[in-house]
$ cat data.cif   # mmCIF, C-alpha atoms
data_protein
#
loop_
_atom_site.group_PDB
_atom_site.id
_atom_site.type_symbol
_atom_site.label_atom_id
_atom_site.label_comp_id
_atom_site.auth_asym_id
_atom_site.auth_seq_id
_atom_site.Cartn_x
_atom_site.Cartn_y
_atom_site.Cartn_z
ATOM 1 C CA LEU A 432 -54.978 -19.030 -4.851
ATOM 2 C CA ASP A 433 -52.341 -17.295 -6.891
ATOM 3 C CA ARG A 434 -51.160 -14.658 -4.443
ATOM 4 C CA VAL A 435 -51.556 -11.051 -5.561
ATOM 5 C CA GLY A 436 -51.558 -7.792 -3.668
ATOM 6 C CA SER A 437 -54.603 -6.135 -5.175
ATOM 7 C CA GLY A 438 -57.854 -6.763 -7.015
ATOM 8 C CA THR A 439 -60.509 -9.398 -6.250
ATOM 9 C CA PHE A 440 -61.048 -13.104 -6.706
ATOM 10 C CA THR A 441 -64.172 -15.020 -7.706
ATOM 11 C CA VAL A 442 -65.524 -18.363 -6.569
ATOM 12 C CA SER A 443 -67.968 -20.031 -8.971
ATOM 13 C CA LEU A 444 -70.318 -22.655 -7.633
ATOM 14 C CA LYS A 445 -73.134 -24.726 -9.032
ATOM 15 C CA MET A 446 -75.998 -24.443 -6.631
ATOM 16 C CA ASP A 447 -77.047 -28.080 -6.658
ATOM 17 C CA GLY A 448 -77.064 -28.344 -2.928
ATOM 18 C CA PRO A 449 -75.949 -26.518 0.244
ATOM 19 C CA HIS A 450 -72.314 -25.244 0.202
ATOM 20 C CA THR A 451 -70.032 -23.665 2.773
ATOM 21 C CA ILE A 452 -67.265 -21.283 1.650
ATOM 22 C CA SER A 453 -64.403 -20.560 4.109
ATOM 23 C CA ILE A 454 -61.970 -17.760 3.227
ATOM 24 C CA ARG A 455 -58.559 -17.910 4.919
ATOM 25 C CA SER A 456 -56.306 -14.853 5.023
ATOM 26 C CA VAL A 457 -52.843 -14.106 6.433
ATOM 27 C CA MET A 458 -51.524 -10.921 7.994
ATOM 28 C CA GLN A 459 -48.806 -9.255 5.902
ATOM 29 C CA TYR A 460 -46.281 -6.547 6.702
ATOM 30 C CA SER A 461 -44.613 -4.104 4.333
ATOM 31 C CA PHE A 462 -40.880 -4.234 3.613
ATOM 32 C CA THR A 463 -39.253 -1.030 2.340
ATOM 33 C CA ILE A 464 -35.703 -1.204 0.896
ATOM 34 C CA SER A 465 -33.461 1.675 -0.196
ATOM 35 C CA GLY A 466 -29.808 2.088 -1.215
ATOM 36 C CA GLY A 467 -27.474 -0.599 -2.475
ATOM 37 C CA HIS A 468 -27.103 -1.869 -6.011
ATOM 38 C CA ASP A 469 -28.376 -4.975 -7.796
ATOM 39 C CA VAL A 470 -30.538 -5.678 -4.740
ATOM 40 C CA VAL A 471 -32.075 -9.173 -4.603
ATOM 41 C CA VAL A 472 -34.627 -10.356 -1.978
ATOM 42 C CA THR A 473 -34.686 -14.117 -1.326
ATOM 43 C CA PRO A 474 -37.379 -15.339 -1.015
ATOM 44 C CA SER A 475 -39.263 -12.502 -2.653
ATOM 45 C CA SER A 476 -42.640 -11.106 -1.617
ATOM 46 C CA PRO A 477 -45.308 -13.826 -2.096
ATOM 47 C CA THR A 478 -47.660 -11.176 -3.436
ATOM 48 C CA GLY A 479 -45.031 -9.443 -5.543
ATOM 49 C CA ASP A 480 -45.618 -6.037 -3.957
ATOM 50 C CA GLY A 481 -43.132 -5.799 -1.075
ATOM 51 C CA PHE A 482 -45.456 -7.296 1.551
ATOM 52 C CA PHE A 483 -44.437 -10.435 3.463
ATOM 53 C CA ASP A 484 -46.504 -12.922 5.433
ATOM 54 C CA SER A 485 -46.363 -12.684 9.200
ATOM 55 C CA GLY A 486 -43.935 -15.212 10.712
ATOM 56 C CA THR A 487 -41.883 -15.600 7.525
ATOM 57 C CA SER A 488 -38.372 -14.277 6.865
ATOM 58 C CA THR A 489 -36.171 -13.228 3.978
ATOM 59 C CA ARG A 490 -32.591 -12.169 3.218
ATOM 60 C CA VAL A 491 -31.433 -9.269 1.054
ATOM 61 C CA SER A 492 -28.238 -9.070 -1.005
ATOM 62 C CA THR A 493 -26.513 -6.088 -2.599
ATOM 63 C CA ALA A 494 -23.301 -5.466 -4.491
ATOM 64 C CA ASN A 495 -20.389 -4.341 -2.298
ATOM 65 C CA THR A 496 -19.178 -1.828 -4.879
ATOM 66 C CA TRP A 497 -20.957 0.117 -7.597
ATOM 67 C CA ASN A 498 -21.023 3.365 -9.565
ATOM 68 C CA VAL A 499 -17.319 3.248 -10.493
ATOM 69 C CA VAL A 500 -16.493 6.444 -12.388
ATOM 70 C CA GLY A 501 -13.384 6.415 -14.575
ATOM 71 C CA GLY A 502 -11.463 4.278 -12.107
ATOM 72 C CA ASN A 503 -11.273 7.323 -9.824
ATOM 73 C CA SER A 504 -14.356 7.156 -7.579
ATOM 74 C CA ARG A 505 -16.967 4.602 -6.527
ATOM 75 C CA GLU A 506 -19.586 3.741 -3.929
ATOM 76 C CA ASN A 507 -18.647 1.092 -1.374
ATOM 77 C CA LEU A 508 -21.073 -0.594 1.032
ATOM 78 C CA ALA A 509 -20.274 0.355 4.638
ATOM 79 C CA SER A 510 -23.305 -0.619 6.747
ATOM 80 C CA TYR A 511 -27.029 -1.208 6.752
ATOM 81 C CA THR A 512 -29.822 0.266 8.876
ATOM 82 C CA LEU A 513 -32.749 -1.964 9.835
ATOM 83 C CA ASP A 514 -35.660 -0.207 11.529
ATOM 84 C CA GLY A 515 -33.411 2.596 12.754
ATOM 85 C CA THR A 516 -30.542 0.423 14.010
ATOM 86 C CA THR A 517 -27.302 0.676 12.018
ATOM 87 C CA VAL A 518 -24.999 -2.332 11.711
ATOM 88 C CA GLY A 519 -21.452 -2.006 10.374
ATOM 89 C CA ILE A 520 -20.174 -4.684 8.027
ATOM 90 C CA ALA A 521 -16.782 -5.896 6.839
ATOM 91 C CA ARG A 522 -15.759 -3.788 3.872
ATOM 92 C CA ALA A 523 -15.172 -5.618 0.590
ATOM 93 C CA GLU A 524 -14.116 -4.494 -2.884
ATOM 94 C CA ALA A 525 -16.059 -7.066 -4.877
ATOM 95 C CA GLY A 526 -18.850 -9.601 -4.641
ATOM 96 C CA ASN A 527 -22.122 -9.245 -2.750
ATOM 97 C CA TYR A 528 -23.201 -8.765 0.833
ATOM 98 C CA VAL A 529 -26.166 -10.762 2.187
ATOM 99 C CA THR A 530 -28.040 -9.665 5.308
ATOM 100 C CA PRO A 531 -28.967 -12.015 8.141
ATOM 101 C CA ALA A 532 -32.538 -13.339 7.999
ATOM 102 C CA ILE A 533 -35.119 -10.594 8.486
ATOM 103 C CA GLU A 534 -38.316 -11.812 10.168
ATOM 104 C CA PHE A 535 -41.744 -10.241 9.715
ATOM 105 C CA ASN A 536 -43.825 -9.615 12.788
ATOM 106 C CA GLU A 537 -44.146 -5.934 11.942
ATOM 107 C CA ALA A 538 -43.423 -3.592 9.049
ATOM 108 C CA ARG A 539 -39.667 -3.435 8.308
ATOM 109 C CA THR A 540 -37.432 -0.798 6.720
ATOM 110 C CA LEU A 541 -33.947 -1.594 5.377
ATOM 111 C CA THR A 542 -31.395 0.931 4.090
ATOM 112 C CA PHE A 543 -27.991 0.076 2.646
ATOM 113 C CA ASN A 544 -25.425 2.777 3.495
ATOM 114 C CA SER A 545 -22.445 3.394 1.226
ATOM 115 C CA MET A 546 -19.347 5.588 1.304
ATOM 116 C CA THR A 547 -17.881 7.455 -1.643
ATOM 117 C CA GLN A 548 -14.323 6.267 -2.134
ATOM 118 C CA TYR A 549 -11.436 7.713 -4.138
ATOM 119 C CA TYR A 550 -8.565 5.906 -5.805
ATOM 120 C CA VAL A 551 -5.176 6.489 -4.174
ATOM 121 C CA GLU A 552 -1.975 5.584 -6.041
ATOM 122 C CA LEU A 553 1.515 6.105 -4.616
ATOM 123 C CA ASN A 554 4.669 5.803 -6.725
ATOM 124 C CA PHE A 555 8.124 5.654 -5.168
ATOM 125 C CA THR A 556 11.535 6.893 -6.275
ATOM 126 C CA ASP A 557 15.045 7.088 -4.825
ATOM 127 C CA ASN A 558 15.969 10.183 -2.824
ATOM 128 C CA SER A 559 16.965 12.107 -5.944
ATOM 129 C CA GLY A 560 13.611 11.417 -7.580
ATOM 130 C CA SER A 561 15.312 10.170 -10.763
ATOM 131 C CA ARG A 562 14.736 6.396 -10.482
ATOM 132 C CA GLU A 563 11.627 4.424 -9.656
ATOM 133 C CA ILE A 564 11.598 2.066 -6.679
ATOM 134 C CA VAL A 565 9.138 -0.833 -6.592
ATOM 135 C CA PRO A 566 8.569 -1.774 -2.924
ATOM 136 C CA THR A 567 7.731 -5.331 -1.893
ATOM 137 C CA ALA A 568 5.173 -4.026 0.623
ATOM 138 C CA VAL A 569 3.570 -0.689 1.470
ATOM 139 C CA GLU A 570 1.495 -0.036 4.587
ATOM 140 C CA ILE A 571 -0.417 3.108 5.542
ATOM 141 C CA ASP A 572 -1.826 4.335 8.848
ATOM 142 C CA LEU A 573 -5.436 5.305 8.099
ATOM 143 C CA GLN A 574 -6.875 7.701 10.661
ATOM 144 C CA GLY A 575 -9.599 6.045 12.713
ATOM 145 C CA VAL A 576 -8.991 2.636 11.121
ATOM 146 C CA GLY A 577 -5.343 1.658 11.684
ATOM 147 C CA MET A 578 -2.809 -0.102 9.503
ATOM 148 C CA LEU A 579 -3.769 -1.094 5.955
ATOM 149 C CA LYS A 580 -1.654 -2.775 3.296
ATOM 150 C CA LEU A 581 -1.735 -1.417 -0.223
ATOM 151 C CA ASN A 582 -2.534 -3.616 -3.187
ATOM 152 C CA GLY A 583 0.785 -3.026 -4.898
ATOM 153 C CA SER A 584 0.920 0.760 -4.774
ATOM 154 C CA SER A 585 -2.795 1.601 -4.724
ATOM 155 C CA ILE A 586 -5.849 1.522 -2.476
ATOM 156 C CA TRP A 587 -9.425 2.867 -2.337
ATOM 157 C CA ILE A 588 -10.048 5.204 0.608
ATOM 158 C CA ASP A 589 -13.236 6.817 1.937
ATOM 159 C CA ASN A 590 -13.917 10.444 1.157
ATOM 160 C CA GLY A 591 -12.616 12.719 3.925
ATOM 161 C CA ALA A 592 -10.202 10.172 5.403
ATOM 162 C CA LYS A 593 -6.579 11.031 6.257
ATOM 163 C CA PHE A 594 -3.533 8.784 6.196
ATOM 164 C CA GLU A 595 0.255 8.655 6.487
ATOM 165 C CA LEU A 596 2.800 6.144 5.252
ATOM 166 C CA ALA A 597 3.543 3.551 7.920
ATOM 167 C CA SER A 598 6.185 1.518 6.069
ATOM 168 C CA VAL A 599 7.721 1.145 2.616
ATOM 169 C CA ILE A 600 9.658 -2.116 2.426
ATOM 170 C CA TRP A 601 12.347 -2.406 -0.242
ATOM 171 C CA GLU A 602 15.396 -4.665 -0.098
ATOM 172 C CA SER A 603 14.127 -5.861 3.335
ATOM 173 C CA THR A 604 14.412 -2.309 4.680
ATOM 174 C CA ASP A 605 11.847 0.323 5.601
ATOM 175 C CA ILE A 606 12.779 3.242 3.346
ATOM 176 C CA LYS A 607 9.814 5.549 4.037
ATOM 177 C CA PRO A 608 10.712 9.272 4.189
ATOM 178 C CA SER A 609 11.859 10.716 7.496
ATOM 179 C CA ASP A 610 9.410 13.600 7.181
ATOM 180 C CA LEU A 611 5.986 12.045 6.688
ATOM 181 C CA THR A 612 3.226 13.762 4.731
ATOM 182 C CA GLN A 613 -0.384 13.491 5.874
ATOM 183 C CA TYR A 614 -2.701 12.971 2.921
ATOM 184 C CA SER A 615 -6.335 14.122 3.040
ATOM 185 C CA VAL A 616 -8.541 12.215 0.598
ATOM 186 C CA THR A 617 -11.219 14.492 -0.856
ATOM 187 C CA ALA A 618 -10.484 13.562 -4.476
ATOM 188 C CA PRO A 619 -8.388 10.944 -6.315
ATOM 189 C CA VAL A 620 -4.758 10.973 -5.091
ATOM 190 C CA ARG A 621 -1.775 10.221 -7.296
ATOM 191 C CA ALA A 622 1.506 11.097 -5.575
ATOM 192 C CA THR A 623 5.216 10.405 -6.046
ATOM 193 C CA VAL A 624 7.186 9.769 -2.852
ATOM 194 C CA SER A 625 10.963 10.183 -2.583
ATOM 195 C CA THR A 626 12.364 7.483 -0.311
ATOM 196 C CA ARG A 627 15.567 7.040 1.689
ATOM 197 C CA VAL A 628 17.487 5.296 -1.091
ATOM 198 C CA TYR A 629 20.807 6.775 -2.174
ATOM 199 C CA ASP A 630 23.782 6.193 -4.488
ATOM 200 C CA LEU A 631 27.077 5.349 -2.791
ATOM 201 C CA THR A 632 30.303 6.836 -4.181
ATOM 202 C CA LEU A 633 33.359 5.699 -2.244
ATOM 203 C CA LYS A 634 36.667 7.428 -3.017
ATOM 204 C CA VAL A 635 39.792 5.336 -2.280
ATOM 205 C CA THR A 636 43.068 7.285 -1.864
ATOM 206 C CA ASP A 637 46.489 6.902 -0.292
ATOM 207 C CA PRO A 638 47.436 9.045 2.755
ATOM 208 C CA ILE A 639 48.394 12.038 0.597
ATOM 209 C CA GLY A 640 45.205 11.958 -1.455
ATOM 210 C CA ILE A 641 46.273 10.163 -4.634
ATOM 211 C CA PRO A 642 43.487 7.898 -6.014
ATOM 212 C CA VAL A 643 44.116 4.177 -5.609
ATOM 213 C CA SER A 644 42.838 1.817 -8.303
ATOM 214 C CA GLY A 645 42.326 -1.918 -7.900
ATOM 215 C CA ALA A 646 41.581 -1.765 -4.170
ATOM 216 C CA GLU A 647 38.966 -4.261 -3.001
ATOM 217 C CA ALA A 648 35.978 -2.803 -1.196
ATOM 218 C CA ARG A 649 33.799 -5.225 0.780
ATOM 219 C CA ILE A 650 30.657 -3.251 1.539
ATOM 220 C CA THR A 651 27.988 -4.350 4.009
ATOM 221 C CA LEU A 652 24.662 -2.542 3.648
ATOM 222 C CA VAL A 653 22.130 -1.809 6.369
ATOM 223 C CA ASN A 654 19.986 -4.773 5.232
ATOM 224 C CA GLY A 655 22.932 -7.186 5.659
ATOM 225 C CA SER A 656 23.783 -7.502 1.950
ATOM 226 C CA LEU A 657 27.496 -7.882 1.172
ATOM 227 C CA LEU A 658 28.834 -6.286 -2.010
ATOM 228 C CA VAL A 659 32.390 -6.661 -3.308
ATOM 229 C CA ARG A 660 33.709 -4.009 -5.699
ATOM 230 C CA ALA A 661 37.114 -2.903 -7.011
ATOM 231 C CA SER A 662 38.085 0.759 -7.212
ATOM 232 C CA SER A 663 38.351 2.158 -10.731
ATOM 233 C CA SER A 664 41.288 4.043 -12.260
ATOM 234 C CA ASP A 665 40.171 7.241 -10.540
ATOM 235 C CA GLY A 666 39.891 5.453 -7.200
ATOM 236 C CA THR A 667 36.100 5.408 -7.036
ATOM 237 C CA VAL A 668 33.705 2.640 -6.098
ATOM 238 C CA THR A 669 30.100 3.318 -7.122
ATOM 239 C CA VAL A 670 27.100 1.362 -5.816
ATOM 240 C CA PRO A 671 23.645 2.624 -6.803
ATOM 241 C CA LEU A 672 20.501 2.505 -4.673
ATOM 242 C CA ILE A 673 21.657 1.998 -1.094
ATOM 243 C CA PRO A 674 18.767 1.628 1.409
ATOM 244 C CA LEU A 675 18.910 4.338 4.097
ATOM 245 C CA GLY A 676 22.379 5.296 2.783
ATOM 246 C CA LYS A 677 24.172 3.501 5.601
ATOM 247 C CA PHE A 678 27.077 1.097 5.030
ATOM 248 C CA ASN A 679 30.204 -0.439 6.539
ATOM 249 C CA ALA A 680 33.159 -1.107 4.217
ATOM 250 C CA THR A 681 36.540 -2.784 4.440
ATOM 251 C CA ILE A 682 39.010 -1.501 1.819
ATOM 252 C CA SER A 683 42.013 -3.739 1.137
ATOM 253 C CA LEU A 684 45.112 -3.561 -1.078
ATOM 254 C CA LEU A 685 48.273 -5.679 -0.940
ATOM 255 C CA GLY A 686 47.616 -6.839 2.603
ATOM 256 C CA ALA A 687 46.745 -3.422 4.002
ATOM 257 C CA SER A 688 43.175 -2.563 4.897
ATOM 258 C CA THR A 689 41.071 0.147 6.453
ATOM 259 C CA GLN A 690 37.520 0.375 7.779
ATOM 260 C CA VAL A 691 35.053 2.976 6.580
ATOM 261 C CA VAL A 692 31.613 3.538 8.129
ATOM 262 C CA GLY A 693 29.403 6.021 6.356
ATOM 263 C CA ASP A 694 25.966 7.356 5.586
ATOM 264 C CA VAL A 695 25.553 8.759 2.086
ATOM 265 C CA SER A 696 22.278 10.393 3.077
ATOM 266 C CA ASN A 697 24.455 13.113 4.645
ATOM 267 C CA VAL A 698 27.341 13.407 2.142
ATOM 268 C CA ALA A 699 27.655 12.871 -1.611
ATOM 269 C CA THR A 700 31.008 11.026 -1.513
ATOM 270 C CA VAL A 701 32.630 9.046 1.283
ATOM 271 C CA GLN A 702 36.438 8.851 1.288
ATOM 272 C CA GLY A 703 38.508 5.893 2.393
ATOM 273 C CA THR A 704 42.302 6.066 2.793
ATOM 274 C CA VAL A 705 44.520 3.027 2.228
ATOM 275 C CA PRO A 706 47.773 3.153 4.290
ATOM 276 C CA LEU A 707 51.130 3.179 2.434
ATOM 277 C CA SER A 708 52.821 1.109 5.153
ATOM 278 C CA TYR A 709 51.994 -2.252 3.604
ATOM 279 C CA PRO A 710 53.341 -5.131 5.743
ATOM 280 C CA ILE A 711 55.226 -6.645 2.798
ATOM 281 C CA LEU A 712 57.294 -3.502 2.251
ATOM 282 C CA GLY A 713 58.883 -2.936 5.654
ATOM 283 C CA ILE A 714 60.413 0.380 6.812
ATOM 284 C CA ALA A 715 62.641 0.860 3.747
ATOM 285 C CA GLY A 716 59.724 0.238 1.422
ATOM 286 C CA VAL A 717 57.629 2.851 3.198
ATOM 287 C CA VAL A 718 60.406 5.453 2.874
ATOM 288 C CA ALA A 719 60.880 4.584 -0.802
ATOM 289 C CA ALA A 720 57.181 4.877 -1.485
ATOM 290 C CA VAL A 721 57.050 8.304 0.171
ATOM 291 C CA VAL A 722 60.118 9.476 -1.792
ATOM 292 C CA VAL A 723 58.593 8.318 -5.085
ATOM 293 C CA VAL A 724 55.369 10.188 -4.348
ATOM 294 C CA ALA A 725 57.357 13.309 -3.390
ATOM 295 C CA VAL A 726 59.371 13.167 -6.635
ATOM 296 C CA LEU A 727 56.202 12.755 -8.684
ATOM 297 C CA LEU A 728 54.682 15.794 -7.021
ATOM 298 C CA LEU A 729 57.842 17.844 -7.647
ATOM 299 C CA ARG A 730 57.838 16.828 -11.311
ATOM 300 C CA ARG A 731 54.289 18.045 -11.643
ATOM 301 C CA ARG A 732 55.435 21.386 -10.260
ATOM 302 C CA GLY A 733 58.461 21.513 -12.563
ATOM 303 C CA VAL A 734 61.086 21.245 -9.825
ATOM 304 C CA ALA A 735 62.601 17.805 -10.490
ATOM 305 C CA LYS A 736 63.936 16.727 -13.867
ATOM 306 C CA PRO A 737 63.682 13.244 -15.358
#
$ encode --input "data.cif" --output "structure tokens"
Amino acid sequence: LDRVGSGTFTVSLKMDGPHTISIRSVMQYSFTISGGHDVVVTPSSPTGDGFFDSGTSTRVSTANTWNVVGGNSRENLASYTLDGTTVGIARAEAGNYVTPAIEFNEARTLTFNSMTQYYVELNFTDNSGSREIVPTAVEIDLQGVGMLKLNGSSIWIDNGAKFELASVIWESTDIKPSDLTQYSVTAPVRATVSTRVYDLTLKVTDPIGIPVSGAEARITLVNGSLLVRASSSDGTVTVPLIPLGKFNATISLLGASTQVVGDVSNVATVQGTVPLSYPILGIAGVVAAVVVVAVLLLRRRGVAKP
């Protein structure tokens, strides 16, 4: 017979002799489904009414994500409950979830459980907040879950969850802020985070404070990068965007050199002094250099005449 869940059927016979009619039936059990989105039951009810034959089985699929509102909130499948027993599932942003086979030897009830999620977007700048930093990797510590990597600078997080930044990798260095903020997700989050990235200004002078131009500065950053710069006419060497602000520099001029170790997260300008006692000058040269500087200073004060 064509299986249906209601109504009657008729058997028509021509009574031209004795006949025997045998009617065979099968026990069916109801299957109630709630929650989810774009739910598909495979195979479907043979009677088209949510009842399934005893001893048979079926699987149910649902979308993993639905009800996206303005790119800010959505529903995300978190678990299912079958006859009162809840089973957690691996969370997914797209595609469908399919249940294991559900067998019918009694009435069954299936509920798909979802969580409201909000869109979280984090943007990063240097310590001054004036220039954007694009990290190569960002990881957060989600309370009750653990470490999660962001997709670029964004992630969907369950309503009510809390998280902190775990790492912000830029130029092979973790530049996350020293003072971490705990974010509570009860609505969409769009935040700008100032990181530990600084501008280096190195001032090169002689022992009495006069700027030295043309000095070579070999600067090693905290991530191992080596930068070579020459001091300008005012004696400065400027390097933007230093991770963590830490560096080690060797300043050289005419065979003389000096070491400078600094951290521009604590000071705006780091000063390096190049000695006047260059090896190629000798004692007389040193005295002459000091005398010349002294005369120049006196001229500025109006004491010495040309």
$ residues_around --input "data.cif" --residues "segment 635-639 of chain A" --least-positions-apart "3" --cutoff "10 Å" --atoms "all atoms listed in the file" --output "VMD selection string"
chain A and resid 632 642 to 648 661 to 663 665 to 668 682 to 683 701 to 708 721 724 to 725
$ closest_atom_pairs --input "data.cif" --of "segment 440-507 of chain A" --to "segment 524-531 of chain A" --cutoff "9 Å" --atoms "all atoms listed in the file" --output "tab-separated table"
residue	atom	partner	partner_atom	distance
A:Thr489	CA	A:Pro531	CA	8.4
A:Arg490	CA	A:Thr530	CA	5.6
A:Val491	CA	A:Thr530	CA	5.5
A:Ser492	CA	A:Val529	CA	4.2
A:Thr493	CA	A:Asn527	CA	5.4
A:Ala494	CA	A:Asn527	CA	4.3
A:Asn495	CA	A:Asn527	CA	5.2
A:Thr496	CA	A:Glu524	CA	6.1
A:Asn507	CA	A:Glu524	CA	7.3
$ resolve_selection --input "data.cif" --expression "the PyMOL selection byres ((chain A and resi 465) around 12)" --output "PDB file with C-alpha atoms, in the frame of the given file"
ATOM      1  CA  PHE A 462     -40.880  -4.234   3.613  1.00  0.00           C
ATOM      2  CA  THR A 463     -39.253  -1.030   2.340  1.00  0.00           C
ATOM      3  CA  ILE A 464     -35.703  -1.204   0.896  1.00  0.00           C
ATOM      4  CA  GLY A 466     -29.808   2.088  -1.215  1.00  0.00           C
ATOM      5  CA  GLY A 467     -27.474  -0.599  -2.475  1.00  0.00           C
ATOM      6  CA  HIS A 468     -27.103  -1.869  -6.011  1.00  0.00           C
ATOM      7  CA  ASP A 469     -28.376  -4.975  -7.796  1.00  0.00           C
ATOM      8  CA  VAL A 470     -30.538  -5.678  -4.740  1.00  0.00           C
ATOM      9  CA  VAL A 471     -32.075  -9.173  -4.603  1.00  0.00           C
ATOM     10  CA  VAL A 491     -31.433  -9.269   1.054  1.00  0.00           C
ATOM     11  CA  SER A 492     -28.238  -9.070  -1.005  1.00  0.00           C
ATOM     12  CA  THR A 493     -26.513  -6.088  -2.599  1.00  0.00           C
ATOM     13  CA  TYR A 511     -27.029  -1.208   6.752  1.00  0.00           C
ATOM     14  CA  THR A 512     -29.822   0.266   8.876  1.00  0.00           C
ATOM     15  CA  LEU A 513     -32.749  -1.964   9.835  1.00  0.00           C
ATOM     16  CA  ARG A 539     -39.667  -3.435   8.308  1.00  0.00           C
ATOM     17  CA  THR A 540     -37.432  -0.798   6.720  1.00  0.00           C
ATOM     18  CA  LEU A 541     -33.947  -1.594   5.377  1.00  0.00           C
ATOM     19  CA  THR A 542     -31.395   0.931   4.090  1.00  0.00           C
ATOM     20  CA  PHE A 543     -27.991   0.076   2.646  1.00  0.00           C
ATOM     21  CA  ASN A 544     -25.425   2.777   3.495  1.00  0.00           C
ATOM     22  CA  SER A 545     -22.445   3.394   1.226  1.00  0.00           C
TER      23      SER A 545
END
$ residues_around --input "data.cif" --residues "Tyr629 of chain A" --least-positions-apart "2" --cutoff "9 Å" --atoms "only C-alpha atoms" --output "list in words"
Asp557, Asn558, Ser559, Thr626, Arg627, Leu631, Pro671, Leu672, Ile673, Pro674, Leu675, Gly676, Val695 and Ser696 of chain A
$ residues_near_point --input "data.cif" --point "(-47.7, -13.5, 6.9)" --cutoff "6 Å" --atoms "all atoms listed in the file" --output "list in words"
Val457, Met458, Gln459, Phe483, Asp484, Ser485 and Gly486 of chain A
$ resolve_selection --input "data.cif" --expression "the PyMOL selection byres ((chain A and resi 618) around 12)" --output "list of chain:residue names"
A:Asn503, A:Ser504, A:Arg505, A:Thr547, A:Gln548, A:Tyr549, A:Tyr550, A:Val551, A:Glu552, A:Trp587, A:Ile588, A:Asp589, A:Asn590, A:Gly591, A:Ala592, A:Lys593, A:Tyr614, A:Ser615, A:Val616, A:Thr617, A:Pro619, A:Val620, A:Arg621
$ residues_around --input "data.cif" --residues "Leu658 of chain A" --least-positions-apart "4" --cutoff "10 Å" --atoms "only C-alpha atoms" --output "list in words"
Ala648, Arg649, Ile650, Thr651, Leu652, Val670 and Ala680 of chain A
$ decode --input "data.cif" --residues "segment 630-641 of chain A" --atoms "N, CA, C and O atoms" --output "CSV table (one decimal), in the first residue's frame"
chain,number,residue,atom,x,y,z
A,630,ASP,N,58.5,54.0,18.5
A,630,ASP,CA,59.5,54.7,17.6
A,630,ASP,C,60.8,54.9,18.4
A,630,ASP,O,60.8,55.4,19.5
A,631,LEU,N,61.9,54.5,17.7
A,631,LEU,CA,63.2,54.7,18.3
A,631,LEU,C,63.9,56.0,17.8
A,631,LEU,O,63.9,56.2,16.6
A,632,THR,N,64.2,56.9,18.7
A,632,THR,CA,65.0,58.1,18.3
A,632,THR,C,66.3,58.0,19.1
A,632,THR,O,66.3,58.1,20.3
A,633,LEU,N,67.4,57.9,18.4
A,633,LEU,CA,68.8,57.7,19.0
A,633,LEU,C,69.5,59.0,18.7
A,633,LEU,O,69.7,59.4,17.5
A,634,LYS,N,70.0,59.7,19.7
A,634,LYS,CA,70.8,60.9,19.6
A,634,LYS,C,72.2,60.6,19.8
A,634,LYS,O,72.7,60.1,20.8
A,635,VAL,N,73.0,60.9,18.7
A,635,VAL,CA,74.5,60.7,18.7
A,635,VAL,C,75.2,62.0,19.0
A,635,VAL,O,75.0,63.0,18.2
A,636,THR,N,76.0,62.1,20.0
A,636,THR,CA,76.8,63.3,20.4
A,636,THR,C,78.2,62.9,20.7
A,636,THR,O,78.5,61.8,20.9
A,637,ASP,N,79.0,64.0,20.7
A,637,ASP,CA,80.4,63.8,21.3
A,637,ASP,C,80.3,64.0,22.8
A,637,ASP,O,79.3,64.2,23.3
A,638,PRO,N,81.5,63.8,23.5
A,638,PRO,CA,81.5,63.8,25.0
A,638,PRO,C,80.9,65.1,25.6
A,638,PRO,O,80.5,65.1,26.7
A,639,ILE,N,81.0,66.3,24.8
A,639,ILE,CA,80.5,67.5,25.4
A,639,ILE,C,79.1,67.9,24.9
A,639,ILE,O,78.6,69.0,25.1
A,640,GLY,N,78.4,66.9,24.2
A,640,GLY,CA,77.1,67.1,23.8
A,640,GLY,C,76.8,67.7,22.5
A,640,GLY,O,75.6,67.9,22.2
A,641,ILE,N,77.8,67.8,21.6
A,641,ILE,CA,77.6,68.4,20.3
A,641,ILE,C,77.1,67.2,19.4
A,641,ILE,O,77.7,66.2,19.4
